[in-house]
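One file, data-v7.pdb, is given below (PDB, C-alpha atoms).
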```pdb
ATOM      1  CA  MET A 311      13.670 -28.280  28.417
ATOM      2  CA  LYS A 312      11.522 -25.618  26.774
ATOM      3  CA  PRO A 313       9.682 -26.566  23.593
ATOM      4  CA  PRO A 314      10.968 -25.101  20.304
ATOM      5  CA  GLY A 315       9.912 -21.457  19.901
ATOM      6  CA  GLU A 316       9.203 -20.874  23.593
ATOM      7  CA  GLU A 317      12.186 -18.593  24.134
ATOM      8  CA  GLU A 318      11.399 -16.588  21.033
ATOM      9  CA  SER A 319       7.770 -16.317  22.093
ATOM     10  CA  LEU A 320       8.784 -14.960  25.509
ATOM     11  CA  ARG A 321      11.049 -12.394  23.881
ATOM     12  CA  LEU A 322       8.287 -11.282  21.518
ATOM     13  CA  GLY A 323       5.820 -11.098  24.429
ATOM     14  CA  THR A 324       8.129  -8.692  26.266
ATOM     15  CA  LEU A 325       8.603  -6.664  23.094
ATOM     16  CA  LEU A 326       4.822  -6.496  22.644
ATOM     17  CA  LEU A 327       4.330  -5.152  26.176
ATOM     18  CA  ASN A 328       6.989  -2.485  25.674
ATOM     19  CA  THR A 329       5.523  -1.448  22.323
ATOM     20  CA  LEU A 330       2.033  -1.236  23.829
ATOM     21  CA  ALA A 331       3.430   1.028  26.562
ATOM     22  CA  ARG A 332       4.945   3.335  23.934
ATOM     23  CA  GLU A 333       1.633   3.384  22.081
ATOM     24  CA  ARG A 334      -0.320   4.375  25.203
ATOM     25  CA  ARG A 335       2.171   7.168  25.890
ATOM     26  CA  LEU A 336       2.531   8.746  22.439
ATOM     27  CA  TRP A 337      -0.443   7.739  20.276
ATOM     28  CA  ARG A 338      -2.515  10.656  18.957
ATOM     29  CA  ALA A 339      -5.016  10.844  16.137
ATOM     30  CA  PRO A 340      -6.732  13.714  14.295
ATOM     31  CA  VAL A 341     -10.364  14.457  15.091
ATOM     32  CA  LEU A 342     -12.979  15.334  12.499
ATOM     33  CA  LYS A 343     -15.159  18.362  13.128
ATOM     34  CA  ASN A 344     -17.623  19.850  10.627
ATOM     35  CA  GLY A 345     -16.212  17.737   7.805
ATOM     36  CA  CYS A 346     -12.582  18.771   8.354
ATOM     37  CA  ILE A 347      -9.739  17.894  10.679
ATOM     38  CA  GLN A 348     -10.243  19.878  13.861
ATOM     39  CA  GLY A 349      -8.189  23.071  13.828
ATOM     40  CA  SER A 350      -7.662  23.024  10.060
ATOM     41  CA  ASP A 351      -9.398  23.270   6.702
ATOM     42  CA  ILE A 352      -8.208  19.805   5.601
ATOM     43  CA  SER A 353     -10.930  17.407   4.479
ATOM     44  CA  PRO A 354     -10.656  13.597   4.776
ATOM     45  CA  HIS A 355     -10.365  13.307   0.999
ATOM     46  CA  GLN A 356      -7.455  15.758   0.929
ATOM     47  CA  TYR A 357      -5.786  13.850   3.747
ATOM     48  CA  HIS A 358      -6.235  10.572   1.836
ATOM     49  CA  GLU A 359      -4.621  12.078  -1.275
ATOM     50  CA  VAL A 360      -1.623  13.270   0.725
ATOM     51  CA  ILE A 361      -1.094   9.851   2.344
ATOM     52  CA  VAL A 362      -1.229   8.181  -1.083
ATOM     53  CA  TRP A 363       1.253  10.761  -2.363
ATOM     54  CA  LEU A 364       3.462  10.163   0.674
ATOM     55  CA  ARG A 365       3.490   6.430  -0.073
ATOM     56  CA  GLU A 366       4.645   7.211  -3.613
ATOM     57  CA  MET A 367       7.401   9.470  -2.264
ATOM     58  CA  SER A 368       8.493   6.743   0.131
ATOM     59  CA  SER A 369       8.742   4.291  -2.767
ATOM     60  CA  ILE A 370      10.679   6.754  -4.934
ATOM     61  CA  LEU A 371      13.159   7.384  -2.123
ATOM     62  CA  HIS A 372      13.470   3.616  -1.453
ATOM     63  CA  PHE A 373      12.330   3.912   2.156
ATOM     64  CA  SER A 374      11.032   0.910   4.063
ATOM     65  CA  SER A 375       7.408   0.296   4.990
ATOM     66  CA  GLU A 376       8.365   0.951   8.637
ATOM     67  CA  THR A 377       9.584   4.426   7.681
ATOM     68  CA  PHE A 378       6.351   5.187   5.828
ATOM     69  CA  ALA A 379       4.263   4.032   8.803
ATOM     70  CA  LEU A 380       6.293   6.164  11.234
ATOM     71  CA  GLY A 381       5.992   9.160   8.909
ATOM     72  CA  VAL A 382       2.197   8.838   8.892
ATOM     73  CA  CYS A 383       2.127   8.490  12.695
ATOM     74  CA  VAL A 384       4.260  11.627  13.089
ATOM     75  CA  LEU A 385       1.956  13.512  10.722
ATOM     76  CA  ASN A 386      -1.149  12.329  12.593
ATOM     77  CA  SER A 387       0.312  13.392  15.928
ATOM     78  CA  LEU A 388       1.136  16.802  14.505
ATOM     79  CA  LEU A 389      -2.357  17.266  13.036
ATOM     80  CA  ALA A 390      -3.848  16.297  16.406
ATOM     81  CA  THR A 391      -1.640  18.824  18.211
ATOM     82  CA  VAL A 392      -1.523  22.025  16.140
ATOM     83  CA  LYS A 393      -3.817  24.178  14.056
ATOM     84  CA  THR A 394      -2.789  24.337  10.428
ATOM     85  CA  ARG A 395      -3.904  25.064   6.876
ATOM     86  CA  LEU A 396      -4.200  22.904   3.789
ATOM     87  CA  LYS A 397      -1.376  24.731   2.000
ATOM     88  CA  TYR A 398       1.095  23.429   4.589
ATOM     89  CA  LEU A 399      -0.092  19.812   4.537
ATOM     90  CA  LYS A 400       2.316  18.466   1.913
ATOM     91  CA  CYS A 401       5.269  20.189   3.530
ATOM     92  CA  MET A 402       4.289  18.689   6.876
ATOM     93  CA  ALA A 403       3.875  15.254   5.299
ATOM     94  CA  ILE A 404       7.211  15.088   3.462
ATOM     95  CA  THR A 405       9.014  16.524   6.491
ATOM     96  CA  SER A 406       7.433  13.862   8.720
ATOM     97  CA  LEU A 407       8.652  11.212   6.277
ATOM     98  CA  ILE A 408      12.182  12.665   6.275
ATOM     99  CA  LEU A 409      12.261  12.692  10.077
ATOM    100  CA  ALA A 410      11.079   9.071  10.115
ATOM    101  CA  ALA A 411      13.817   8.170   7.635
ATOM    102  CA  LYS A 412      16.445   9.774   9.858
ATOM    103  CA  ILE A 413      15.281   7.473  12.653
ATOM    104  CA  ASN A 414      14.758   4.212  10.746
ATOM    105  CA  GLU A 415      16.932   4.203   7.640
ATOM    106  CA  GLU A 416      20.618   3.462   7.309
ATOM    107  CA  ASP A 417      23.026   6.257   6.441
ATOM    108  CA  GLU A 418      23.621   4.675   3.025
ATOM    109  CA  VAL A 419      19.928   4.964   2.153
ATOM    110  CA  ILE A 420      19.064   8.449   3.332
ATOM    111  CA  ALA A 421      20.757  11.389   1.620
ATOM    112  CA  SER A 422      20.844  15.062   2.531
ATOM    113  CA  VAL A 423      17.610  17.021   2.616
ATOM    114  CA  LYS A 424      18.571  18.769  -0.615
ATOM    115  CA  ASP A 425      19.169  15.477  -2.410
ATOM    116  CA  LEU A 426      15.940  13.989  -1.047
ATOM    117  CA  LEU A 427      13.962  16.941  -2.376
ATOM    118  CA  GLU A 428      15.601  16.574  -5.771
ATOM    119  CA  GLN A 429      14.858  12.847  -5.922
ATOM    120  CA  SER A 430      11.224  13.317  -4.883
ATOM    121  CA  ARG A 431      10.799  16.401  -7.114
ATOM    122  CA  CYS A 432       9.123  18.282  -4.310
ATOM    123  CA  LYS A 433       8.774  22.029  -4.793
ATOM    124  CA  PHE A 434       9.907  22.902  -1.281
ATOM    125  CA  SER A 435      13.216  24.513  -0.442
ATOM    126  CA  THR A 436      15.722  23.071   1.986
ATOM    127  CA  ALA A 437      15.096  26.003   4.326
ATOM    128  CA  GLU A 438      11.347  25.265   4.401
ATOM    129  CA  ILE A 439      11.928  21.605   5.277
ATOM    130  CA  LEU A 440      14.454  22.424   8.000
ATOM    131  CA  ARG A 441      12.115  25.029   9.455
ATOM    132  CA  MET A 442       9.246  22.530   9.436
ATOM    133  CA  GLU A 443      11.492  19.948  11.108
ATOM    134  CA  ARG A 444      12.071  22.311  14.027
ATOM    135  CA  VAL A 445       8.337  22.993  14.306
ATOM    136  CA  ILE A 446       7.483  19.271  14.380
ATOM    137  CA  LEU A 447      10.192  18.403  16.884
ATOM    138  CA  ASN A 448       9.199  21.252  19.207
ATOM    139  CA  LYS A 449       5.484  20.470  19.049
ATOM    140  CA  LEU A 450       6.075  16.743  19.685
ATOM    141  CA  HIS A 451       8.701  17.431  22.382
ATOM    142  CA  TRP A 452      11.469  15.747  20.378
ATOM    143  CA  ASP A 453       9.946  12.340  21.059
ATOM    144  CA  LEU A 454       9.287  10.532  17.778
ATOM    145  CA  TYR A 455       9.905   7.012  19.048
ATOM    146  CA  MET A 456       6.298   6.070  18.359
ATOM    147  CA  ALA A 457       4.757   2.625  18.102
ATOM    148  CA  THR A 458       3.433   2.160  14.575
ATOM    149  CA  PRO A 459       0.966  -0.378  13.159
ATOM    150  CA  MET A 460       3.891  -1.936  11.256
ATOM    151  CA  ASP A 461       5.623  -2.667  14.552
ATOM    152  CA  PHE A 462       2.599  -4.674  15.670
ATOM    153  CA  ILE A 463       2.348  -6.446  12.299
ATOM    154  CA  HIS A 464       5.892  -7.737  12.789
ATOM    155  CA  ILE A 465       5.342  -8.691  16.438
ATOM    156  CA  PHE A 466       2.053 -10.524  15.840
ATOM    157  CA  HIS A 467       3.529 -12.283  12.827
ATOM    158  CA  GLY A 468       6.501 -13.391  14.902
ATOM    159  CA  LEU A 469       4.241 -14.686  17.667
ATOM    160  CA  LEU A 470       2.217 -16.700  15.178
ATOM    161  CA  MET A 471       5.289 -18.210  13.566
ATOM    162  CA  SER A 472       6.927 -19.072  16.881
ATOM    163  CA  ARG A 473       3.789 -20.664  18.323
ATOM    164  CA  ARG A 474       2.265 -22.206  15.204
ATOM    165  CA  PRO A 475       4.845 -22.322  12.419
ATOM    166  CA  ARG A 476       2.646 -24.509  10.191
ATOM    167  CA  LEU A 477      -0.370 -22.254  10.435
ATOM    168  CA  MET A 478       0.565 -19.992   7.533
ATOM    169  CA  LEU A 479       1.353 -22.889   5.211
ATOM    170  CA  SER A 480      -1.453 -25.322   5.955
ATOM    171  CA  SER A 481      -4.132 -24.192   3.525
ATOM    172  CA  SER A 482      -2.749 -21.549   1.192
ATOM    173  CA  GLN A 483       0.787 -22.931   0.706
ATOM    174  CA  LYS A 484       2.176 -19.407   1.020
ATOM    175  CA  ARG A 485       5.558 -18.503   2.374
ATOM    176  CA  PRO A 486       5.559 -16.337   5.530
ATOM    177  CA  CYS A 487       7.283 -13.440   3.781
ATOM    178  CA  LEU A 488       4.454 -13.215   1.257
ATOM    179  CA  GLN A 489       1.938 -13.300   4.094
ATOM    180  CA  ALA A 490       3.548 -10.302   5.808
ATOM    181  CA  SER A 491       3.782  -8.523   2.469
ATOM    182  CA  LEU A 492       0.011  -8.802   1.982
ATOM    183  CA  TRP A 493      -0.636  -7.440   5.472
ATOM    184  CA  THR A 494       1.749  -4.547   4.799
ATOM    185  CA  ARG A 495      -0.069  -3.519   1.625
ATOM    186  CA  GLN A 496      -3.432  -3.705   3.356
ATOM    187  CA  LEU A 497      -2.141  -1.697   6.294
ATOM    188  CA  GLN A 498      -0.791   1.072   4.062
ATOM    189  CA  HIS A 499      -4.215   1.455   2.466
ATOM    190  CA  CYS A 500      -5.955   1.444   5.848
ATOM    191  CA  MET A 501      -3.665   4.176   7.184
ATOM    192  CA  ALA A 502      -5.063   6.530   4.535
ATOM    193  CA  CYS A 503      -8.689   5.907   5.607
ATOM    194  CA  HIS A 504     -10.031   8.578   7.956
ATOM    195  CA  GLN A 505     -12.701   6.189   9.267
ATOM    196  CA  LEU A 506      -9.930   4.129  10.895
ATOM    197  CA  TRP A 507      -8.141   7.090  12.522
ATOM    198  CA  HIS A 508      -9.489   6.549  16.004
ATOM    199  CA  PHE A 509      -8.231   2.949  16.220
ATOM    200  CA  LYS A 510      -4.766   2.455  17.652
ATOM    201  CA  GLY A 511      -2.128   0.775  15.542
ATOM    202  CA  SER A 512      -2.192  -2.409  17.618
ATOM    203  CA  ILE A 513      -5.935  -2.848  17.037
ATOM    204  CA  LEU A 514      -5.663  -2.077  13.336
ATOM    205  CA  ALA A 515      -2.801  -4.549  12.849
ATOM    206  CA  LEU A 516      -4.570  -7.355  14.711
ATOM    207  CA  ALA A 517      -7.792  -6.744  12.743
ATOM    208  CA  ILE A 518      -5.938  -7.171   9.436
ATOM    209  CA  ILE A 519      -4.229 -10.355  10.631
ATOM    210  CA  THR A 520      -7.446 -11.835  12.042
ATOM    211  CA  LEU A 521      -9.254 -11.380   8.729
ATOM    212  CA  GLU A 522      -6.542 -13.459   7.071
ATOM    213  CA  LEU A 523      -6.606 -16.065   9.840
ATOM    214  CA  GLU A 524     -10.328 -16.575   9.283
ATOM    215  CA  ARG A 525      -9.558 -17.513   5.699
ATOM    216  CA  LEU A 526      -6.535 -19.668   6.461
ATOM    217  CA  THR A 527      -7.648 -21.946   9.273
ATOM    218  CA  PRO A 528     -10.870 -23.168  10.929
ATOM    219  CA  ASP A 529      -9.061 -22.875  14.276
ATOM    220  CA  TRP A 530      -8.670 -19.114  13.854
ATOM    221  CA  PHE A 531     -10.710 -18.188  16.949
ATOM    222  CA  SER A 532      -8.340 -19.818  19.440
ATOM    223  CA  VAL A 533      -5.376 -18.144  17.727
ATOM    224  CA  PHE A 534      -7.167 -14.806  17.714
ATOM    225  CA  THR A 535      -8.155 -14.945  21.390
ATOM    226  CA  ASP A 536      -4.551 -15.719  22.362
ATOM    227  CA  LEU A 537      -3.290 -12.654  20.470
ATOM    228  CA  LEU A 538      -6.129 -10.520  21.843
ATOM    229  CA  ARG A 539      -5.223 -11.496  25.390
ATOM    230  CA  LYS A 540      -1.540 -10.744  24.855
ATOM    231  CA  ALA A 541      -2.369  -7.351  23.310
ATOM    232  CA  GLN A 542      -4.666  -6.411  26.230
ATOM    233  CA  MET A 543      -7.460  -5.151  23.962
ATOM    234  CA  GLU A 544     -11.158  -4.701  24.523
ATOM    235  CA  SER A 545     -13.102  -7.118  22.356
ATOM    236  CA  THR A 546     -15.862  -4.600  21.571
ATOM    237  CA  GLU A 547     -13.497  -2.028  20.088
ATOM    238  CA  PHE A 548     -11.590  -4.721  18.224
ATOM    239  CA  ILE A 549     -14.731  -6.204  16.638
ATOM    240  CA  CYS A 550     -15.820  -2.740  15.479
ATOM    241  CA  CYS A 551     -12.399  -2.136  13.924
ATOM    242  CA  LYS A 552     -12.351  -5.552  12.273
ATOM    243  CA  GLU A 553     -15.726  -5.019  10.631
ATOM    244  CA  MET A 554     -14.721  -1.604   9.295
ATOM    245  CA  VAL A 555     -11.398  -2.910   7.981
ATOM    246  CA  ASP A 556     -13.143  -5.831   6.276
ATOM    247  CA  GLU A 557     -15.598  -3.485   4.584
ATOM    248  CA  TYR A 558     -12.850  -1.096   3.515
ATOM    249  CA  LEU A 559     -10.514  -3.762   2.135
ATOM    250  CA  THR A 560     -13.353  -5.512   0.340
ATOM    251  CA  GLY A 561     -14.131  -2.236  -1.390
ATOM    252  CA  LEU A 562     -10.504  -1.981  -2.484
ATOM    253  CA  GLU A 563     -10.526  -5.622  -3.662
ATOM    254  CA  LEU A 564      -7.404  -6.315  -1.615
ATOM    255  CA  SER A 565      -8.848  -9.450  -0.080
ATOM    256  CA  LEU A 566      -8.637 -11.341  -3.388
ATOM    257  CA  HIS A 567      -5.836 -13.842  -3.873
ATOM    258  CA  THR A 568      -2.724 -12.195  -5.291
ATOM    259  CA  ASN A 569      -1.625 -15.478  -6.936
ATOM    260  CA  ALA A 570      -4.934 -16.528  -8.499
ATOM    261  CA  VAL A 571      -4.619 -19.339 -11.062
ATOM    262  CA  TYR A 572      -6.640 -19.277 -14.291
ATOM    263  CA  ILE A 573      -7.257 -22.268 -16.538
ATOM    264  CA  LEU A 574      -8.351 -22.491 -20.149
ATOM    265  CA  ASP A 575     -12.076 -23.082 -20.531
ATOM    266  CA  ALA A 576     -12.019 -25.470 -23.505
ATOM    267  CA  SER A 577     -15.810 -25.847 -23.552
ATOM    268  CA  SER A 578     -16.284 -22.346 -24.916
ATOM    269  CA  MET A 579     -13.438 -22.339 -27.428
ATOM    270  CA  LEU A 580     -15.735 -22.998 -30.398
ATOM    271  CA  ALA A 581     -18.017 -20.119 -29.494
ATOM    272  CA  PHE A 582     -14.978 -17.952 -28.917
ATOM    273  CA  ARG A 583     -13.552 -18.560 -32.373
ATOM    274  CA  GLY A 584     -16.899 -17.941 -34.076
ATOM    275  CA  HIS A 585     -15.778 -18.438 -37.672
ATOM    276  CA  ASP A 586     -13.140 -20.105 -39.808
ATOM    277  CA  THR A 587      -9.643 -19.039 -38.833
ATOM    278  CA  ARG A 588      -8.481 -19.340 -42.422
ATOM    279  CA  GLU A 589     -10.795 -16.497 -43.420
ATOM    280  CA  GLU A 590      -9.452 -14.405 -40.548
ATOM    281  CA  ASP A 591      -5.860 -15.091 -41.578
ATOM    282  CA  GLY A 592      -6.538 -14.060 -45.175
ATOM    283  CA  GLU A 593      -8.346 -10.897 -44.161
ATOM    284  CA  GLY A 594      -5.645 -10.071 -41.597
ATOM    285  CA  ASN A 595      -2.857 -10.429 -44.171
ATOM    286  CA  ARG A 596      -4.624  -8.111 -46.619
ATOM    287  CA  ARG A 597      -5.217  -5.540 -43.881
ATOM    288  CA  ARG A 598      -1.600  -5.649 -42.703
ATOM    289  CA  ARG A 599      -0.232  -5.212 -46.238
ATOM    290  CA  ALA A 600      -2.505  -2.211 -46.822
ATOM    291  CA  GLN A 601      -1.467  -0.537 -43.586
ATOM    292  CA  THR A 602       2.280  -1.203 -43.749
ATOM    293  CA  GLY A 603       3.063   1.911 -45.744
ATOM    294  CA  ASP A 604       1.002   4.250 -43.544
ATOM    295  CA  GLN A 605       2.413   2.755 -40.354
ATOM    296  CA  ASP A 606       6.006   3.152 -41.548
ATOM    297  CA  MET A 607       5.319   6.798 -42.388
ATOM    298  CA  ASP A 608       3.782   7.342 -38.921
ATOM    299  CA  ASP A 609       6.833   5.780 -37.288
ATOM    300  CA  PHE A 610       9.072   8.066 -39.370
ATOM    301  CA  TYR A 611       7.322  11.257 -38.260
ATOM    302  CA  ASP A 612       6.935  10.029 -34.676
ATOM    303  CA  GLY A 613      10.682   9.665 -34.478
ATOM    304  CA  PHE A 614      11.172  13.329 -35.397
ATOM    305  CA  TRP A 615       8.482  14.470 -32.946
ATOM    306  CA  CYS A 616      10.186  12.560 -30.110
ATOM    307  CA  PHE A 617      13.590  13.881 -31.212
ATOM    308  CA  TYR A 618      12.386  17.463 -30.862
ATOM    309  CA  ASP A 619      10.526  16.574 -27.621
ATOM    310  CA  GLU A 620       7.141  17.278 -29.147
ATOM    311  CA  ASP A 621       4.008  15.380 -28.204
ATOM    312  CA  VAL A 622       2.448  12.999 -30.666
ATOM    313  CA  SER A 623      -1.075  14.095 -31.499
ATOM    314  CA  GLU A 624      -3.916  12.309 -29.785
ATOM    315  CA  LYS A 625      -5.454  11.431 -33.139
ATOM    316  CA  THR A 626      -2.316   9.646 -34.348
ATOM    317  CA  ALA A 627      -1.888   7.843 -31.027
ATOM    318  CA  ASN A 628      -5.464   6.585 -31.043
ATOM    319  CA  HIS A 629      -5.129   5.490 -34.690
ATOM    320  CA  ARG A 630      -2.000   3.453 -33.959
ATOM    321  CA  LEU A 631      -3.535   1.947 -30.828
ATOM    322  CA  GLN A 632      -6.550   0.824 -32.825
ATOM    323  CA  ASP A 633      -4.321  -0.739 -35.478
ATOM    324  CA  THR A 634      -2.344  -2.586 -32.833
ATOM    325  CA  GLN A 635      -5.456  -3.900 -31.125
ATOM    326  CA  GLU A 636      -6.822  -5.192 -34.425
ATOM    327  CA  GLN A 637      -3.633  -7.180 -35.011
ATOM    328  CA  ILE A 638      -3.555  -8.790 -31.548
ATOM    329  CA  TRP A 639      -5.482 -11.986 -31.007
ATOM    330  CA  PRO A 640      -7.910 -11.699 -28.120
ATOM    331  CA  CYS A 641      -7.301 -13.766 -25.001
ATOM    332  CA  PRO A 642      -9.082 -17.142 -25.022
ATOM    333  CA  PRO A 643     -11.840 -17.621 -22.476
ATOM    334  CA  LEU A 644     -10.476 -18.192 -18.973
ATOM    335  CA  ARG A 645     -12.110 -18.968 -15.689
ATOM    336  CA  PRO A 646     -10.685 -18.934 -12.143
ATOM    337  CA  SER A 647      -9.520 -22.245 -10.807
ATOM    338  CA  SER A 648     -11.663 -23.517  -7.937
ATOM    339  CA  ARG A 649      -8.735 -25.384  -6.357
ATOM    340  CA  GLN A 650      -6.931 -23.428  -3.613
TER     341      GLN A 650
END
```
What would you get if you wrote out this structure as structure tokens?
Amino acid sequence: MKPPGEEESLRLGTLLLNTLARERRLWRAPVLKNGCIQGSDISPHQYHEVIVWLREMSSILHFSSETFALGVCVLNSLLATVKTRLKYLKCMAITSLILAAKINEEDEVIASVKDLLEQSRCKFSTAEILRMERVILNKLHWDLYMATPMDFIHIFHGLLMSRRPRLMLSSSQKRPCLQASLWTRQLQHCMACHQLWHFKGSILALAIITLELERLTPDWFSVFTDLLRKAQMESTEFICCKEMVDEYLTGLELSLHTNAVYILDASSMLAFRGHDTREEDGEGNRRRRAQTGDQDMDDFYDGFWCFYDEDVSEKTANHRLQDTQEQIWPCPPLRPSSRQ
């Protein structure tokens, strides 16, 4: 009799091999030349801004993370195939996302192109999007069934859970769904980094997971080598990718705990208070009584400005913000808990 998880592990191993084959067949990445993407006038910074904007559009349209990842892969393949100009980049990006949604999303989620443009508030016409769709499909030979980094995130996560189900819960007490959610957020940021373009999605996904494994378990190396062997990767290229991902994510402060616990530092409460609270209460009451009339008048006029859709002046806004801050007690001194 096979041990628990063996059948699932075999199924995931076959899926990994098939996904790696698709990646070898269809993976393309843009190439930088003279500070711009080769064959265009698009700089890495402009590309990064468009990917961030595309992630916002994907969230507005309620698309999945798999759809966003496929949209970026379609865009990258297009940029690696054709010569283009910066003025077409956003149209190419949103069209790539729409094509990815047509592949991945359910019919109930994806609307018509006209409705999608209205929801995303894009300034492109339906005719422009449909024309760009034909260009993308022709240039990529109507084959958009690409392997994305998100595909490998799911496969590697499944392999870990089928082989070592207690691994993710041993030290951090996290649930597996939260673990995958962290990897997804990190991956979306990495996909916007031009320095990670030339790494395939399988390498990028495994690098993100390995960085977390190092933090979770002292036995991370044996787990990592097993995944590396299954993914058929070269260790030199993987180590280079892992170091670059670590540096990039550290700069974005994504490697910090998302559920950090803070405790009250009672030892510094006296220094924090500084003076008698009774004096503060008396002074605060006098200040509030003096400002009540002016604040009510500001609220009265603000209501008319909002009614006529007029902007409140910056001076009034700053004045009210200052008044509010003076009335709010500052947060007592906190320090991060050292217990994991």
Reference answer for the PyMOL selection byres ((chain A and resi 338) around 10), as an mmCIF file with C-alpha atoms, in the coordinates of the input:
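And here is the file that came out, selection17.cif:
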```cif
data_model
loop_
_atom_site.group_PDB
_atom_site.id
_atom_site.type_symbol
_atom_site.label_atom_id
_atom_site.label_comp_id
_atom_site.auth_asym_id
_atom_site.auth_seq_id
_atom_site.Cartn_x
_atom_site.Cartn_y
_atom_site.Cartn_z
ATOM 1 C CA GLU A 333 1.633 3.384 22.081
ATOM 2 C CA ARG A 334 -0.320 4.375 25.203
ATOM 3 C CA ARG A 335 2.171 7.168 25.890
ATOM 4 C CA LEU A 336 2.531 8.746 22.439
ATOM 5 C CA TRP A 337 -0.443 7.739 20.276
ATOM 6 C CA ALA A 339 -5.016 10.844 16.137
ATOM 7 C CA PRO A 340 -6.732 13.714 14.295
ATOM 8 C CA VAL A 341 -10.364 14.457 15.091
ATOM 9 C CA CYS A 383 2.127 8.490 12.695
ATOM 10 C CA VAL A 384 4.260 11.627 13.089
ATOM 11 C CA LEU A 385 1.956 13.512 10.722
ATOM 12 C CA ASN A 386 -1.149 12.329 12.593
ATOM 13 C CA SER A 387 0.312 13.392 15.928
ATOM 14 C CA LEU A 388 1.136 16.802 14.505
ATOM 15 C CA LEU A 389 -2.357 17.266 13.036
ATOM 16 C CA ALA A 390 -3.848 16.297 16.406
ATOM 17 C CA THR A 391 -1.640 18.824 18.211
ATOM 18 C CA MET A 456 6.298 6.070 18.359
ATOM 19 C CA TRP A 507 -8.141 7.090 12.522
ATOM 20 C CA HIS A 508 -9.489 6.549 16.004
ATOM 21 C CA PHE A 509 -8.231 2.949 16.220
ATOM 22 C CA LYS A 510 -4.766 2.455 17.652
#
```
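Distance-wise, atom CA of A:Arg321 and atom CA of A:Ile519 end up 20.3 Å apart.
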field: Contact residues around A:Tyr455 with only C-alpha atoms at 8 Å, ignoring same-chain residues under 2 positions, as JSON, numbers by chain
entry: {"A": [332, 453, 457]}
Selected residues written out with C-alpha atoms, as a CSV table (one decimal), in the frame of the given file:
```csv
chain,number,residue,atom,x,y,z
A,332,ARG,CA,4.9,3.3,23.9
A,453,ASP,CA,9.9,12.3,21.1
A,457,ALA,CA,4.8,2.6,18.1
```
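With all atoms listed in the file as the atoms that count, the residue of A:Glu443, A:Asp461, A:Glu316, A:Asp425 with the shortest distance to A:Thr377 is A:Asp461.
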message: Given the PyMOL selection byres ((chain A and resi 343-356) around 12) and the file above, list the residues it selects as JSON, numbers by chain.
response: {"A": [339, 340, 341, 342, 357, 358, 359, 360, 361, 362, 363, 386, 388, 389, 390, 391, 392, 393, 394, 395, 396, 397, 398, 399, 400, 501, 502, 503, 504, 505, 506, 507]}
- prompt: Quick one: distance from atom CA of A:Met471 to atom CA of A:Glu318 in Å, one decimal?
  reply: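 Between atom CA of A:Met471 and atom CA of A:Glu318 the gap works out to 9.8 Å.
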Coordinates-based distance that separates atom CA of A:Ile413 from atom CA of A:Gln489 (Å, one decimal):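 Here the two named atoms are 26.1 Å from each other.
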message: Taking all atoms listed in the file into account, name the residue in A:Leu447, A:Cys401, A:Ile408, A:Leu330 that is nearest to A:Ser368.
response: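 Looking at the shortest contact to A:Ser368, the residue is A:Ile408.
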task: Could you state which residues are captured by the PyMOL selection byres ((chain A and resi 544-555) around 10) in this file, as a PyMOL selection string?
output: chain A and resi 496-497+500+503+505-506+508-510+512-521+535+538-539+541-543+556-561
- request: Show which residues sit within 10 Å of A:Phe378, as a PyMOL selection string. Count all atoms listed in the file, and ignore same-chain residues fewer than 5 positions away.
  value: chain A and resi 361+364-369+373+383-384+406-408+410-411+414+458+460+498
Using all atoms listed in the file, determine which residues lie at most 10 Å from A:Leu426, disregarding the query and same-chain residues fewer than 3 positions distant; provide the list as a compact mmCIF listing (two decimals) with C-alpha atoms, in the frame of the given file.
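The resulting result30.txt:
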```txt
# COMPACT_ATOMS: atom_id res chain seq x y z
CA MET A 367 7.40 9.47 -2.26
CA ILE A 370 10.68 6.75 -4.93
CA LEU A 371 13.16 7.38 -2.12
CA ILE A 404 7.21 15.09 3.46
CA ILE A 408 12.18 12.66 6.28
CA ILE A 420 19.06 8.45 3.33
CA ALA A 421 20.76 11.39 1.62
CA SER A 422 20.84 15.06 2.53
CA VAL A 423 17.61 17.02 2.62
CA GLN A 429 14.86 12.85 -5.92
CA SER A 430 11.22 13.32 -4.88
CA ARG A 431 10.80 16.40 -7.11
CA CYS A 432 9.12 18.28 -4.31
CA THR A 436 15.72 23.07 1.99
```
